[in-house]
Amino acid sequence: MTSVTPVTPPPADPSDIDDDDRLIGRVLSRREVLALMGVMGVGAVAVACSPGASASGAPVAGASAGTSGATAPATATAVAVASSLPSCVVVPELTEGPYYVDEKLERSDIRTDTSNGSVSEGAVLTLDWVVSQVDGNACIPLERVLVDVWHCDAAGDYSDVGSEQGHDYLRGYQHTDASGRARIVTVYPGWYQGRAVHIHFKIRTDAAASRSFEFTSQLFFDDAFSQSVYATGVYAAKGPQDVKNANDQIYQQSQGMTLLDVAKDGDGYKATFEVAIQTT
């Protein structure tokens, strides 16, 4: 299903915490597959993008190879192919941004700063992850991969960066279980100038794995929901975010596919995020 086109980023400026807009890869989404089918003809992309497609490259029945527009049969075939795609379609890979640090902290609750025992202030956010692998026409759970999360605190600061070096709050990872699930407990992220509200994540294998991969992206939050959170508690002093999703370049690259559906959970919040990756 997926097709990754690497893009060579410009050199990062390690002194610029806002250097957060360098695209590092593209993964075709279900929406992009359908768009390509409409423009190029199904036969041109079905083999490249459809799980379980024939390796022979034979045109799909009803498709007109080489056409520049979608005919009625091609449109019907596109719908049929789309319906066969697994529901766990890979989400876009996005820039790593500031600032990934491998603290080697395997923990479910990432709120604590191990340097001094303090706990990050803010509303508790429980993130449940469901990680799968696209395999033909199916999705299978990915066990023992690392779900690595990092983001800024309620004030908009990252740990282990600049004046916060030596601290490790709001960083950590969990291994997925046999069902591909992992849970990270954190706080609702704050915001900093120039970016919409977001959380960074990597899904990766252990360094010692015989076959390794790394997938990097960002989670986003509904603007109105964030604004309601920022009117309360420790967030209130800073107020609402200065950049909404529609004006955030990285969010636009995500096509909204990494927007979290957040719900109230007692005094805090919870969300589940399903993601599939292709490891070959």
# chains A, B, ... in the order shown; residues from 1 in each chain; ligands from 1

call {"tool": "residues_around", "arguments": {"residues": "region 161-176 of chain A", "least_positions_apart": "4", "cutoff": "7 Å", "atoms": "only C-alpha atoms", "output": "JSON list (two decimals) with N, CA and C atoms, in the first residue's frame"}}
result
[["chain", "number", "residue", "atom", "x", "y", "z"],
["A", 105, "LEU", "N", 14.60, 5.61, 28.18],
["A", 105, "LEU", "CA", 13.67, 5.54, 29.30],
["A", 105, "LEU", "C", 12.45, 4.71, 28.89],
["A", 106, "GLU", "N", 12.46, 3.44, 29.27],
["A", 106, "GLU", "CA", 11.28, 2.61, 29.02],
["A", 106, "GLU", "C", 10.34, 2.77, 30.20],
["A", 107, "ARG", "N", 9.26, 3.46, 29.95],
["A", 107, "ARG", "CA", 8.30, 3.72, 31.02],
["A", 107, "ARG", "C", 6.96, 4.08, 30.41],
["A", 108, "SER", "N", 5.90, 3.75, 31.11],
["A", 108, "SER", "CA", 4.56, 4.06, 30.62],
["A", 108, "SER", "C", 4.17, 5.48, 30.98],
["A", 110, "ILE", "N", 5.35, 9.09, 31.45],
["A", 110, "ILE", "CA", 6.52, 9.90, 31.09],
["A", 110, "ILE", "C", 6.52, 11.28, 31.76],
["A", 111, "ARG", "N", 5.66, 11.49, 32.73],
["A", 111, "ARG", "CA", 5.53, 12.82, 33.33],
["A", 111, "ARG", "C", 6.68, 13.17, 34.27],
["A", 112, "THR", "N", 7.34, 12.19, 34.84],
["A", 112, "THR", "CA", 8.35, 12.44, 35.86],
["A", 112, "THR", "C", 9.71, 12.80, 35.26],
["A", 113, "ASP", "N", 10.35, 13.77, 35.87],
["A", 113, "ASP", "CA", 11.73, 14.13, 35.54],
["A", 113, "ASP", "C", 12.62, 13.32, 36.47],
["A", 114, "THR", "N", 13.36, 12.36, 35.92],
["A", 114, "THR", "CA", 14.14, 11.47, 36.78],
["A", 114, "THR", "C", 15.33, 12.18, 37.44],
["A", 115, "SER", "N", 15.68, 13.38, 36.97],
["A", 115, "SER", "CA", 16.81, 14.10, 37.56],
["A", 115, "SER", "C", 16.47, 14.66, 38.93],
["A", 120, "SER", "N", 5.61, 16.74, 35.76],
["A", 120, "SER", "CA", 5.12, 17.83, 34.91],
["A", 120, "SER", "C", 3.67, 18.17, 35.24],
["A", 143, "GLU", "N", 4.45, -6.65, 17.43],
["A", 143, "GLU", "CA", 4.83, -6.88, 18.82],
["A", 143, "GLU", "C", 6.28, -6.47, 19.05],
["A", 144, "ARG", "N", 6.55, -5.95, 20.25],
["A", 144, "ARG", "CA", 7.89, -5.62, 20.70],
["A", 144, "ARG", "C", 8.56, -4.52, 19.89],
["A", 145, "VAL", "N", 7.77, -3.64, 19.29],
["A", 145, "VAL", "CA", 8.36, -2.43, 18.71],
["A", 145, "VAL", "C", 8.22, -1.31, 19.73],
["A", 146, "LEU", "N", 9.06, -0.29, 19.61],
["A", 146, "LEU", "CA", 9.07, 0.80, 20.56],
["A", 146, "LEU", "C", 8.18, 1.94, 20.08],
["A", 147, "VAL", "N", 7.32, 2.39, 20.94],
["A", 147, "VAL", "CA", 6.55, 3.61, 20.70],
["A", 147, "VAL", "C", 7.19, 4.69, 21.56],
["A", 148, "ASP", "N", 7.90, 5.60, 20.90],
["A", 148, "ASP", "CA", 8.71, 6.61, 21.58],
["A", 148, "ASP", "C", 8.02, 7.96, 21.44],
["A", 149, "VAL", "N", 7.80, 8.65, 22.55],
["A", 149, "VAL", "CA", 7.02, 9.88, 22.57],
["A", 149, "VAL", "C", 7.80, 11.00, 23.24],
["A", 150, "TRP", "N", 7.70, 12.20, 22.68],
["A", 150, "TRP", "CA", 8.25, 13.39, 23.34],
["A", 150, "TRP", "C", 7.47, 14.62, 22.90],
["A", 151, "HIS", "N", 7.35, 15.58, 23.81],
["A", 151, "HIS", "CA", 6.63, 16.81, 23.49],
["A", 151, "HIS", "C", 6.94, 17.87, 24.54],
["A", 180, "GLY", "N", -0.05, -5.61, 19.69],
["A", 180, "GLY", "CA", 0.39, -4.37, 19.08],
["A", 180, "GLY", "C", 0.03, -3.13, 19.87],
["A", 181, "ARG", "N", -0.33, -3.30, 21.13],
["A", 181, "ARG", "CA", -0.81, -2.18, 21.94],
["A", 181, "ARG", "C", 0.26, -1.69, 22.92],
["A", 182, "ALA", "N", 0.21, -0.40, 23.18],
["A", 182, "ALA", "CA", 1.08, 0.21, 24.17],
["A", 182, "ALA", "C", 0.34, 1.41, 24.75],
["A", 186, "THR", "N", 0.84, 10.82, 29.88],
["A", 186, "THR", "CA", 1.57, 12.07, 29.82],
["A", 186, "THR", "C", 0.63, 13.20, 30.25]]

call {"tool": "select_by_dssp", "arguments": {"residues": "region 68-201 of chain A", "states": "alpha helix (DSSP H)", "output": "ChimeraX atom specification"}}
result
/A:72-84

call {"tool": "closest_residue", "arguments": {"among": "A:Ala237, A:Leu125, A:Ala196, A:Leu142", "to": "Ala271 (chain A)", "atoms": "only C-alpha atoms"}}
result
A:Leu125

call {"tool": "closest_residue", "arguments": {"among": "A:Val91, A:Val101, A:Ala246, A:Ile184", "to": "Asp128 (chain A)", "atoms": "only C-alpha atoms"}}
result
A:Ile184

call {"tool": "atom_distance", "arguments": {"atom1": "CA of Ala276 (chain A)", "atom2": "CA of Gln133 (chain A)"}}
result
5.1 Å

call {"tool": "residues_around", "arguments": {"residues": "region 241-245 of chain A", "least_positions_apart": "2", "cutoff": "12 Å", "atoms": "only C-alpha atoms", "output": "ChimeraX atom specification"}}
result
/A:154-156,189-198,219-231,235-239,247-256,258-259

call {"tool": "closest_residue", "arguments": {"among": "A:Pro98, A:Glu93, A:Tyr269, A:Thr279", "to": "Ser212 (chain A)", "atoms": "only C-alpha atoms"}}
result
A:Thr279

call {"tool": "closest_residue", "arguments": {"among": "A:Val234, A:Val134, A:Ile140, A:Ile203", "to": "Glu121 (chain A)", "atoms": "only C-alpha atoms"}}
result
A:Val234

call {"tool": "select_by_dssp", "arguments": {"residues": "region 135-180 of chain A", "states": "strand (DSSP E or B)", "output": "PDB file with N, CA and C atoms, in the first residue's frame"}}
result
ATOM      1  N   ASP A 135       0.251  -6.269   5.728  1.00  0.00           N
ATOM      2  CA  ASP A 135       0.757  -7.531   5.203  1.00  0.00           C
ATOM      3  C   ASP A 135      -0.249  -8.055   4.187  1.00  0.00           C
ATOM      4  N   ALA A 138      -4.097  -7.632   4.723  1.00  0.00           N
ATOM      5  CA  ALA A 138      -4.438  -7.685   6.141  1.00  0.00           C
ATOM      6  C   ALA A 138      -3.513  -6.798   6.954  1.00  0.00           C
ATOM      7  N   CYS A 139      -3.904  -6.594   8.200  1.00  0.00           N
ATOM      8  CA  CYS A 139      -3.080  -5.889   9.164  1.00  0.00           C
ATOM      9  C   CYS A 139      -2.789  -6.841  10.311  1.00  0.00           C
ATOM     10  N   ILE A 140      -1.517  -7.001  10.645  1.00  0.00           N
ATOM     11  CA  ILE A 140      -1.153  -7.881  11.739  1.00  0.00           C
ATOM     12  C   ILE A 140      -0.488  -7.054  12.829  1.00  0.00           C
ATOM     13  N   PRO A 141      -0.725  -7.405  14.093  1.00  0.00           N
ATOM     14  CA  PRO A 141      -0.133  -6.628  15.183  1.00  0.00           C
ATOM     15  C   PRO A 141       1.391  -6.671  15.129  1.00  0.00           C
ATOM     16  N   LEU A 146       9.061  -0.288  19.607  1.00  0.00           N
ATOM     17  CA  LEU A 146       9.072   0.804  20.564  1.00  0.00           C
ATOM     18  C   LEU A 146       8.180   1.940  20.077  1.00  0.00           C
ATOM     19  N   VAL A 147       7.317   2.393  20.936  1.00  0.00           N
ATOM     20  CA  VAL A 147       6.554   3.615  20.698  1.00  0.00           C
ATOM     21  C   VAL A 147       7.191   4.693  21.558  1.00  0.00           C
ATOM     22  N   ASP A 148       7.901   5.598  20.901  1.00  0.00           N
ATOM     23  CA  ASP A 148       8.713   6.608  21.576  1.00  0.00           C
ATOM     24  C   ASP A 148       8.022   7.960  21.437  1.00  0.00           C
ATOM     25  N   VAL A 149       7.803   8.646  22.551  1.00  0.00           N
ATOM     26  CA  VAL A 149       7.015   9.880  22.568  1.00  0.00           C
ATOM     27  C   VAL A 149       7.804  11.001  23.237  1.00  0.00           C
ATOM     28  N   TRP A 150       7.698  12.203  22.684  1.00  0.00           N
ATOM     29  CA  TRP A 150       8.250  13.386  23.340  1.00  0.00           C
ATOM     30  C   TRP A 150       7.467  14.615  22.903  1.00  0.00           C
ATOM     31  N   ARG A 171       9.352  12.473  28.115  1.00  0.00           N
ATOM     32  CA  ARG A 171      10.068  11.640  27.148  1.00  0.00           C
ATOM     33  C   ARG A 171      10.036  10.202  27.641  1.00  0.00           C
ATOM     34  N   GLY A 172       9.928   9.276  26.722  1.00  0.00           N
ATOM     35  CA  GLY A 172       9.979   7.871  27.098  1.00  0.00           C
ATOM     36  C   GLY A 172       9.334   6.991  26.048  1.00  0.00           C
ATOM     37  N   TYR A 173       9.489   5.679  26.236  1.00  0.00           N
ATOM     38  CA  TYR A 173       8.915   4.745  25.267  1.00  0.00           C
ATOM     39  C   TYR A 173       8.340   3.528  25.978  1.00  0.00           C
ATOM     40  N   GLN A 174       7.497   2.834  25.243  1.00  0.00           N
ATOM     41  CA  GLN A 174       6.945   1.546  25.654  1.00  0.00           C
ATOM     42  C   GLN A 174       7.058   0.565  24.508  1.00  0.00           C
ATOM     43  N   HIS A 175       7.272  -0.714  24.840  1.00  0.00           N
ATOM     44  CA  HIS A 175       7.193  -1.771  23.841  1.00  0.00           C
ATOM     45  C   HIS A 175       5.722  -2.167  23.648  1.00  0.00           C
TER      46      HIS A 175
END

call {"tool": "closest_residue", "arguments": {"among": "A:Ser118, A:Gly136, A:Tyr99, A:Ala123", "to": "Ser159 (chain A)", "atoms": "only C-alpha atoms"}}
result
A:Tyr99

call {"tool": "atom_distance", "arguments": {"atom1": "CA of Val130 (chain A)", "atom2": "CA of Asp153 (chain A)"}}
result
24.3 Å
